[in-house]
Structures are given as C-alpha cells and as structure tokens.
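Enquirer: Here you go, protein-v8.txt (compact mmCIF, C-alpha atoms):
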```
# COMPACT_ATOMS: atom_id res chain seq x y z
CA MET W 1 -10.44 -0.36 -4.26
CA ASP W 2 -10.84 -4.02 -3.31
CA THR W 3 -13.11 -4.73 -0.37
CA VAL W 4 -11.08 -5.07 2.83
CA LEU W 5 -13.73 -4.91 5.56
CA PHE W 6 -16.48 -7.44 4.99
CA SER W 7 -19.79 -6.94 6.80
CA PRO W 8 -21.46 -9.87 8.57
CA LYS W 9 -23.96 -10.01 5.69
CA GLN W 10 -21.16 -10.25 3.12
CA VAL W 11 -19.47 -12.98 5.17
CA GLN W 12 -22.75 -14.91 5.35
CA GLU W 13 -22.95 -14.73 1.56
CA LEU W 14 -19.38 -16.05 1.28
CA ILE W 15 -20.21 -18.93 3.62
CA SER W 16 -23.08 -19.91 1.36
CA THR W 17 -20.84 -20.00 -1.73
CA GLY W 18 -18.29 -22.37 -0.19
CA ASN W 19 -15.54 -20.42 -1.96
CA ALA W 20 -13.92 -18.82 1.06
CA VAL W 21 -11.62 -19.78 3.93
CA PHE W 22 -12.39 -18.22 7.32
CA ILE W 23 -9.35 -17.94 9.57
CA ASP W 24 -9.86 -17.47 13.31
CA VAL W 25 -6.79 -15.94 15.00
CA ARG W 26 -7.98 -16.54 18.57
CA ASP W 27 -6.61 -19.02 21.09
CA ARG W 28 -7.52 -22.67 20.57
CA LYS W 29 -9.83 -22.73 23.63
CA ASP W 30 -11.79 -19.71 22.34
CA PHE W 31 -12.02 -21.25 18.88
CA GLU W 32 -13.29 -24.55 20.27
CA ALA W 33 -15.98 -22.77 22.29
CA GLY W 34 -17.56 -21.46 19.08
CA HIS W 35 -16.48 -20.11 15.69
CA LEU W 36 -17.75 -19.26 12.24
CA PRO W 37 -19.12 -22.23 10.30
CA GLY W 38 -16.28 -23.82 8.34
CA ALA W 39 -13.58 -21.72 10.02
CA VAL W 40 -10.04 -22.89 10.76
CA ASN W 41 -7.89 -21.81 13.68
CA MET W 42 -4.51 -20.11 13.27
CA PRO W 43 -3.37 -18.41 16.52
CA ASP W 44 0.15 -18.21 15.06
CA ILE W 45 -1.05 -15.16 13.12
CA PHE W 46 -1.29 -13.31 16.42
CA THR W 47 1.49 -14.89 18.46
CA TYR W 48 4.37 -15.12 15.97
CA LEU W 49 7.32 -12.85 16.75
CA ALA W 50 9.09 -11.85 13.55
CA GLU W 51 12.67 -10.87 12.88
CA THR W 52 13.53 -8.79 9.84
CA THR W 53 17.00 -10.11 9.08
CA ASP W 54 17.22 -11.99 5.78
CA ASP W 55 16.96 -15.29 7.65
CA GLY W 56 14.12 -13.99 9.78
CA LEU W 57 12.06 -12.93 6.77
CA LYS W 58 12.65 -16.28 5.08
CA THR W 59 11.49 -18.08 8.23
CA LEU W 60 8.34 -15.94 8.39
CA GLN W 61 7.56 -16.57 4.72
CA ASP W 62 8.12 -20.32 4.93
CA LYS W 63 6.10 -20.71 8.11
CA PHE W 64 3.00 -18.91 6.90
CA VAL W 65 3.10 -20.29 3.36
CA ASP W 66 3.06 -23.76 4.91
CA LEU W 67 0.20 -22.92 7.30
CA PHE W 68 -1.91 -21.26 4.61
CA SER W 69 -1.28 -24.18 2.26
CA ASP W 70 -2.57 -26.51 4.97
CA TYR W 71 -5.76 -24.47 5.12
CA GLY W 72 -6.46 -24.61 1.41
CA LEU W 73 -5.55 -21.10 0.27
CA ASP W 74 -5.03 -21.69 -3.43
CA GLY W 75 -5.40 -18.14 -4.74
CA LYS W 76 -8.98 -18.72 -5.87
CA LYS W 77 -10.70 -18.81 -2.49
CA THR W 78 -11.23 -15.58 -0.57
CA ALA W 79 -9.49 -15.55 2.81
CA ILE W 80 -11.40 -13.79 5.59
CA ILE W 81 -9.58 -13.19 8.88
CA TYR W 82 -11.39 -12.52 12.12
CA GLU W 83 -10.99 -12.09 15.89
CA ASP W 84 -13.34 -11.18 18.77
CA ALA W 85 -13.51 -7.49 17.82
CA LEU W 86 -11.16 -5.02 16.17
CA HIS W 87 -10.07 -3.54 19.51
CA THR W 88 -9.78 -6.60 21.76
CA ARG W 89 -6.84 -8.68 20.55
CA TYR W 90 -4.23 -6.09 19.62
CA GLY W 91 -5.06 -6.10 15.91
CA GLY W 92 -4.76 -9.83 15.30
CA SER W 93 -7.17 -10.01 12.35
CA CYS W 94 -5.50 -7.04 10.67
CA ARG W 95 -2.12 -8.69 11.19
CA GLY W 96 -3.41 -11.77 9.37
CA TYR W 97 -4.71 -9.59 6.55
CA TRP W 98 -1.37 -7.80 6.25
CA ILE W 99 0.67 -11.04 6.30
CA LEU W 100 -1.43 -12.42 3.46
CA LYS W 101 -1.02 -9.18 1.48
CA TYR W 102 2.76 -9.29 2.08
CA LEU W 103 2.83 -12.88 0.80
CA GLY W 104 0.92 -11.72 -2.28
CA TYR W 105 -2.41 -13.45 -1.72
CA PRO W 106 -4.93 -11.96 -4.18
CA LYS W 107 -8.20 -12.27 -2.25
CA VAL W 108 -8.17 -11.36 1.42
CA GLY W 109 -10.39 -9.43 3.81
CA ILE W 110 -11.34 -8.90 7.45
CA LEU W 111 -14.65 -9.54 9.19
CA ASP W 112 -15.58 -5.98 10.09
CA GLY W 113 -16.30 -5.81 13.80
CA GLY W 114 -15.19 -9.40 14.39
CA LEU W 115 -17.29 -12.04 16.10
CA MET W 116 -19.02 -9.42 18.23
CA ALA W 117 -20.50 -7.84 15.11
CA TRP W 118 -21.29 -11.28 13.68
CA LYS W 119 -23.25 -12.28 16.79
CA GLN W 120 -25.01 -8.92 17.03
CA ALA W 121 -26.16 -9.43 13.42
CA GLY W 122 -27.66 -12.80 14.38
CA GLY W 123 -24.87 -14.93 12.94
CA ALA W 124 -24.56 -18.50 14.16
CA LEU W 125 -21.48 -20.12 15.70
CA THR W 126 -20.47 -23.77 15.59
CA THR W 127 -18.12 -26.08 17.48
CA GLU W 128 -17.66 -28.41 14.49
CA THR W 129 -14.14 -28.58 13.08
CA THR W 130 -13.13 -28.43 9.45
CA LYS W 131 -10.14 -30.10 7.81
CA PRO W 132 -9.38 -28.38 4.50
CA GLU W 133 -7.52 -30.11 1.71
CA ARG W 134 -3.90 -28.99 1.48
CA THR W 135 -3.08 -26.97 -1.60
CA VAL W 136 -0.23 -24.94 -3.10
CA PHE W 137 -0.16 -21.38 -1.76
CA PRO W 138 0.60 -18.88 -4.57
CA ILE W 139 3.41 -16.91 -2.92
CA SER W 140 4.38 -13.57 -4.49
CA ILE W 141 6.26 -11.47 -1.93
CA GLN W 142 5.35 -7.76 -1.85
CA PRO W 143 8.54 -6.23 -0.38
CA HIS W 144 7.15 -2.67 -0.51
CA LEU W 145 4.85 -3.53 2.42
CA MET W 146 7.67 -4.60 4.76
CA ALA W 147 10.16 -2.44 6.62
CA THR W 148 13.21 -4.14 8.08
CA TYR W 149 15.20 -2.91 11.05
CA GLN W 150 17.76 -1.64 8.54
CA ASP W 151 15.06 0.36 6.73
CA VAL W 152 14.09 1.93 10.05
CA LEU W 153 17.73 2.68 10.87
CA HIS W 154 18.14 4.42 7.51
CA ALA W 155 14.91 6.34 8.11
CA LEU W 156 16.48 7.94 11.19
CA MET W 157 18.78 9.80 8.80
CA ASN W 158 16.14 10.46 6.14
CA PRO W 159 13.56 13.10 7.08
CA SER W 160 11.41 12.15 4.10
CA VAL W 161 10.47 8.89 5.87
CA LYS W 162 8.19 9.25 8.91
CA LEU W 163 7.99 6.78 11.79
CA LEU W 164 4.66 6.17 13.50
CA ASP W 165 4.60 4.46 16.91
CA ASN W 166 1.12 3.28 17.84
CA ARG W 167 1.79 1.31 21.00
CA ASP W 168 -0.07 1.87 24.25
CA LYS W 169 0.75 5.04 26.17
CA VAL W 170 2.82 3.26 28.86
CA GLU W 171 5.09 1.81 26.17
CA TRP W 172 5.51 5.14 24.39
CA LEU W 173 6.44 6.81 27.67
CA ALA W 174 9.05 4.09 28.34
CA GLU W 175 7.21 2.85 31.43
CA SER W 176 6.69 -0.66 30.00
CA SER W 177 8.56 -2.66 27.38
CA SER W 178 5.53 -4.52 26.01
CA PRO W 179 1.85 -5.45 26.42
CA TYR W 180 3.03 -8.75 27.93
CA GLY W 181 4.76 -7.33 30.96
CA VAL W 182 6.83 -4.33 31.98
CA ASP W 183 10.14 -6.13 31.47
CA PHE W 184 9.22 -8.63 28.75
CA ALA W 185 11.67 -6.95 26.36
CA PRO W 186 15.17 -5.90 27.52
CA ARG W 187 14.77 -2.16 26.88
CA LYS W 188 11.99 0.38 27.29
CA GLY W 189 11.60 3.45 25.13
CA ARG W 190 10.91 4.65 21.60
CA ILE W 191 12.60 4.69 18.24
CA PRO W 192 14.08 8.21 18.01
CA GLY W 193 12.09 10.67 15.91
CA ALA W 194 8.85 8.68 15.85
CA VAL W 195 5.49 10.37 16.35
CA TRP W 196 2.83 8.67 18.44
CA ILE W 197 -0.83 7.85 17.90
CA GLU W 198 -2.24 5.17 20.17
CA TRP W 199 -3.82 2.48 18.00
CA TYR W 200 -7.18 2.67 19.81
CA ASP W 201 -7.60 6.23 18.57
CA PHE W 202 -8.26 5.07 15.02
CA MET W 203 -11.43 3.29 16.20
CA LYS W 204 -14.70 4.07 17.89
CA VAL W 205 -16.42 1.60 20.20
CA SER W 206 -20.15 1.22 20.76
CA ASP W 207 -21.84 -1.64 22.66
CA GLY W 208 -18.60 -3.59 22.67
CA GLN W 209 -18.28 -3.39 18.91
CA ALA W 210 -15.37 -1.46 17.39
CA SER W 211 -15.22 0.09 13.95
CA PHE W 212 -12.70 2.32 12.25
CA ARG W 213 -13.35 6.02 12.35
CA SER W 214 -14.41 7.90 9.23
CA LYS W 215 -11.88 8.89 6.60
CA GLU W 216 -12.23 12.52 7.65
CA ASP W 217 -11.57 11.73 11.31
CA ILE W 218 -8.52 9.63 10.48
CA LEU W 219 -7.08 12.29 8.19
CA GLU W 220 -7.55 14.89 10.94
CA LEU W 221 -5.96 12.65 13.57
CA ALA W 222 -2.97 11.88 11.34
CA ALA W 223 -2.55 15.54 10.41
CA SER W 224 -2.35 16.41 14.12
CA ARG W 225 0.93 14.45 14.15
CA GLY W 226 2.18 15.86 10.86
CA LEU W 227 1.20 12.86 8.73
CA THR W 228 -0.42 13.22 5.30
CA PRO W 229 -1.63 10.64 2.73
CA ASP W 230 1.38 11.27 0.48
CA ASP W 231 3.98 10.63 3.19
CA ASP W 232 6.30 7.63 3.25
CA ILE W 233 5.35 6.11 6.63
CA ILE W 234 6.74 3.18 8.59
CA ILE W 235 4.42 1.96 11.36
CA TYR W 236 5.63 -0.01 14.35
CA CYS W 237 4.29 -1.34 17.66
CA PHE W 238 5.57 -4.32 19.66
CA LYS W 239 5.25 -7.10 17.08
CA GLY W 240 3.35 -5.66 14.12
CA ALA W 241 -0.24 -6.42 15.19
CA ARG W 242 -1.42 -3.01 16.39
CA ALA W 243 0.60 -1.57 13.51
CA ALA W 244 -1.46 -3.71 11.12
CA ASN W 245 -4.68 -2.37 12.64
CA THR W 246 -3.39 1.15 12.01
CA TYR W 247 -2.23 0.14 8.52
CA VAL W 248 -5.80 -0.86 7.64
CA ALA W 249 -7.22 2.34 9.13
CA LEU W 250 -4.80 4.59 7.24
CA SER W 251 -5.17 2.60 4.01
CA GLN W 252 -8.93 3.00 4.15
CA ALA W 253 -8.40 6.74 4.57
CA GLY W 254 -6.29 6.97 1.40
CA PHE W 255 -2.71 6.62 2.65
CA LYS W 256 -0.66 4.84 -0.04
CA ASN W 257 2.97 4.65 1.10
CA LEU W 258 2.71 2.53 4.22
CA ARG W 259 5.11 -0.09 5.51
CA ILE W 260 5.01 -2.12 8.69
CA TYR W 261 8.18 -2.73 10.66
CA MET W 262 7.20 -6.29 11.46
CA GLY W 263 9.99 -6.87 13.97
CA SER W 264 8.85 -3.76 15.81
CA TRP W 265 9.89 -3.09 19.42
CA ASN W 266 10.40 -6.78 20.18
CA GLU W 267 13.25 -6.93 17.67
CA TRP W 268 14.53 -3.36 18.01
CA SER W 269 14.86 -3.47 21.79
CA ARG W 270 16.84 -6.72 21.72
CA ASN W 271 19.65 -5.27 19.60
CA PRO W 272 21.78 -3.02 21.86
CA GLU W 273 23.36 -1.40 18.79
CA LEU W 274 20.05 0.14 17.74
CA PRO W 275 19.32 3.58 19.27
CA ILE W 276 16.38 4.26 21.54
CA GLU W 277 14.94 7.27 23.31
CA GLY W 278 13.71 6.86 26.87
CA GLY W 279 11.94 8.96 29.46
CA ILE W 280 9.46 11.67 28.62
CA PRO W 281 9.43 12.49 24.87
CA LYS W 282 11.48 15.58 24.08
CA ALA W 283 8.96 16.88 21.58
CA ALA W 284 5.91 14.88 22.51
CA ALA W 285 2.74 15.21 20.52
CA PRO W 286 -0.38 15.78 22.64
CA LEU W 287 -0.95 12.72 24.80
CA GLU W 288 -4.70 13.12 25.18
CA ASN W 289 -6.83 10.67 23.24
CA ALA W 290 -8.19 12.14 20.06
```
Please go through the file and, once you have read it, give me the structure as structure tokens.
Expert:
Amino acid sequence: MDTVLFSPKQVQELISTGNAVFIDVRDRKDFEAGHLPGAVNMPDIFTYLAETTDDGLKTLQDKFVDLFSDYGLDGKKTAIIYEDALHTRYGGSCRGYWILKYLGYPKVGILDGGLMAWKQAGGALTTETTKPERTVFPISIQPHLMATYQDVLHALMNPSVKLLDNRDKVEWLAESSSPYGVDFAPRKGRIPGAVWIEWYDFMKVSDGQASFRSKEDILELAASRGLTPDDDIIIYCFKGARAANTYVALSQAGFKNLRIYMGSWNEWSRNPELPIEGGIPKAAAPLENA
C-alpha cells in the first residue's frame, strides 16, 4: 500500500529533496501567519461546493486541474496536503487528498497530525511565499471514487450498496442543515436508509493532536453499524470533507469499495425531488460516541 499519512519526519525529508509540493488548505490569513517551508495556499480545496451533475463534475475537474497546474503538480512531484490538525477543519486535508486521487494524481499524501504535529515535532514555519512554475497536470479521472446524486438515488433501491452519513450529530438528527448555520441549506434531515457514524469517532485526540484510530478499532466501530471491509459504501457529509476524512480512515483499515458523494447534503437538500428523512431516526444506531 502506498504511504498516505506522512509523519513530520518524512515531510522534513521531502522538504530537503525539493521534489514535493506542500499544499496548505487553510484560510489565507492563517497561511500568511506561518506555513511549511515552500508551501502554497489553496483554501478552495476546503471551501469548494461541488455538484455531481455532468456539468458540475466537469466544472470541478477543470477548476482543480487548473489550480494544481498553477502549483507545479506534474505527476513527478509528491503532493502533500495539510491543515491545522486532522480534527479541526472538517477534514480539509483529506478532501484535498481525495480530490487529487479522483483526478488520478499518482503521488499524494497527507501530513499526519497536521501543523500541530509538525510543530510538536520541532518543525519550523515560515512566512515566505513561493511561486511555483506552472506545469501540465496529468489528469486521469478515477470515476470509481465518485458517487453522484444519481448513484445515491439508485442505492436507495439497492440493498447491496450501503450509505454512511458521518455529519455532526445535530445534522443527523435534522436539527441543523449544515456546519455553517442551522438554515444554511434549505432542508434538514438524512438520506433515507443511511447509517450514522460521526466523523470524529474515527480519531483519537491527545494534547490537541488528532490521529486515526487503530485498524482494529475502526473495524469494530464500522461493524457496530453493519459495515464490513467488503461492502460497497457511499460516504456523505455536507460537502465531502468530513466524508474524505472517513474515507482515509476506512481505507487505512482495509475497506476497498468506497465512494464519496461529493455533492453531499449541500446538493441533495437543494433538490426537492430527492427524498429525505427528518426527525428522530426510525431505526437509529446508538448515538453515543464510540
């Protein structure tokens, strides 16, 4: 298995080779206050709201191919995505990792533990900016990683496909439509038939530093919701960021058939023709944190 989670030591070694691009998904002001040496800033990775219509997917592909080309991703350099910590920015670094995998980039990883882990390991930050030379991004779409709203709609009639909702508890219980405000999206609720595991539950936090739980813990947590490594699973949240965090956790634990519904609740809730379930779940899984 290719390395996905790079330790601070491994990232330091990559910095010394000059053959890597470090992509900071944080806000511009946070980036300017201090970032990895040589890093570039791409908050679009976190903020972009995707649609999974044919036009929406084409727009997503074109936008990120252009941005990654600007930052010198030529297929030879390793791309390392990072944020503050794995639990602080709704899975932004994992979303960047997943987008690059979907676009077919061959060398991509995540700074394990984010900047918090980097600083705790004695890593230095800089305020100097870097302007990479634009290159040609080697796009090779991996459609098996993406679920569209139509795929999700078909899954409602196909019991062999399992839906995993990993939004925050208030969203799952239809008390809020999003992390950005109770009424940010037009409808509150769940996609019918989905099981729920809050994304935080795949991680453990110590001294402000988050890491993914062990393979055994993740397998046990997934099994408690009826999910096994051989299942065909579509993960969704609000916009595909927390889902990407869960995608990485499950992938590391040996799950192979994972797709992210990138439009997630933001897209689903805005189409009144798509069914939702509101109120208290009819057959709710245990709501206590694992």
Enquirer: May I ask which of the residues W:Thr127, W:Thr59, W:Ser264, W:Gln150 is the closest one to Phe31 (chain W), counting only C-alpha atoms?
Expert: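 Looking only at the distances to Phe31 (chain W), the closest residue turns out to be W:Thr127.
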Enquirer: Have a look at W:Gly56, W:Pro37, W:Pro272, W:Pro8 and name the one nearest to Gly122 (chain W); count all atoms listed in the file.
Expert: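 Distance minimum relative to Gly122 (chain W) lands on W:Pro8.
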Enquirer: Please provide as a list in words all residues within 12 Å of Asp168 (chain W), with the sequence filter that same-chain residues fewer than 4 positions apart are discarded (counting all atoms listed in the file).
Expert: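 The neighbour list is Tyr90, Trp172, Leu173, Ala174, Glu175, Ser176, Ser177, Ser178, Pro179, Tyr180, Gly189, Arg190, Trp196, Ile197, Glu198, Trp199, Tyr200, Asp201, Tyr236, Cys237, Phe238, Arg242, Ala243, Leu287 and Asn289 of chain W.
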Enquirer: Which residue gives the smallest distance to Asp44 (chain W) among W:Ala155, W:Val25, W:Ala223, W:Met262, with all atoms listed in the file counted?
Expert: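 The shortest atom-to-atom distance to Asp44 (chain W) comes from W:Val25.
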Enquirer: In Å, how far is it from CA of Leu103 (chain W) to CA of Leu57 (chain W)?
Expert: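 Atom-to-atom, CA of Leu103 (chain W) to CA of Leu57 (chain W), that is 11.0 Å.
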Enquirer: What's the separation between CA of Asp112 (chain W) and CA of Phe46 (chain W), in Å to one decimal place?
Expert: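 Atom-to-atom, CA of Asp112 (chain W) and CA of Phe46 (chain W) are spaced 17.3 Å apart.
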Enquirer: Pick the closest to Gly254 (chain W) from W:Thr53, W:Thr228, W:Met42, W:Thr148: which is it, counting all atoms listed in the file?
Expert: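 Comparing W:Thr53, W:Thr228, W:Met42, W:Thr148 against Gly254 (chain W), the winner is W:Thr228.
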Enquirer: Just give me the gap between CA of Gly208 (chain W) and CA of Thr88 (chain W) in Å, one decimal is fine.
Expert: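 Distance between the two atoms: 9.4 Å.
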Enquirer: Give the answer as one residue: which of W:Ala244, W:Val4, W:Leu86, W:Leu250 has the shortest atom-to-atom distance to Met116 (chain W), using all atoms listed in the file?
Expert: W:Leu86
Enquirer: I want to know what sits within 10 Å of Ile233 (chain W), based on only C-alpha atoms, with residues of the same chain fewer than 2 positions away left out; could you give that as a count of residues only?
Expert: 21
Enquirer: Hey, which of W:Pro143, W:Pro159, W:Pro192, W:Gly114 ends up closest to Gly92 (chain W)? Count all atoms listed in the file.
Expert: W:Gly114
Enquirer: Could you pull the residues within 9 Å of Gln61 (chain W), counting all atoms listed in the file, minus those fewer than 6 positions along the same chain, as a list in words?
Expert: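 Non-adjacent residues within range: Ile99, Leu103, Ile139 and Ile141 of chain W.
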